[in-house]
Amino acid sequence: QAEYQAAVMKRTQERERKQVERIKRQNGRPLTPEMPDEIRIPDSTKLHCVNEDSAYAVFISYVEVYNNYIFDLLEEDTCNDFGHPVLPESKKLGEDNRRRVMYVKEVKEIEVKSTEEACAQVWK
């Protein structure tokens, strides 16, 4: 448990340090959700064989792997009965044997309609 708490603390400090570095690189400009649109390279790929009778959806998830722990970055922070933050639990890896792929179990998935909405979810 102590090792886990130390890893979470180190991960949090590293994330804060990186965020400060990003802000400094932006010449003092505040970090905003619109910024990804300024640095993003649009993908002009189009799907040509789309069945118009079908409905499609896009879901995003956002995880971080740090020191063999997997954290869901879209998961809301929680507090205990005394108002103190609760350490996030590391997520587990799962394997889809049929398709032979690995995935992260029980992460939050959010349906989005556009790249702007996806970026807003990640930056909030």
# chains A, B, ... in the order shown; residues from 1 in each chain; ligands from 1
>>> residues_around(residues="Asn67 of chain A", least_positions_apart="4", cutoff="12 Å", atoms="only C-alpha atoms", output="list in words")
Glu3, Tyr4, Gln5, Ala6, Ala7, Val8, Met9, Lys10, Arg11, Phe71 and Ser90 of chain A
>>> closest_residue(among="A:Tyr66, A:Phe59, A:Asn80, A:Val104", to="Glu14 of chain A", atoms="only C-alpha atoms")
A:Tyr66
>>> closest_residue(among="A:Val112, A:Ala55, A:Val63, A:Ala118", to="Lys91 of chain A", atoms="only C-alpha atoms")
A:Val63
>>> atom_distance(atom1="atom CA of Lys92 of chain A", atom2="atom CA of Ser61 of chain A")
14.5 Å
>>> atom_distance(atom1="atom CA of Tyr62 of chain A", atom2="atom CA of Val122 of chain A")
7.3 Å
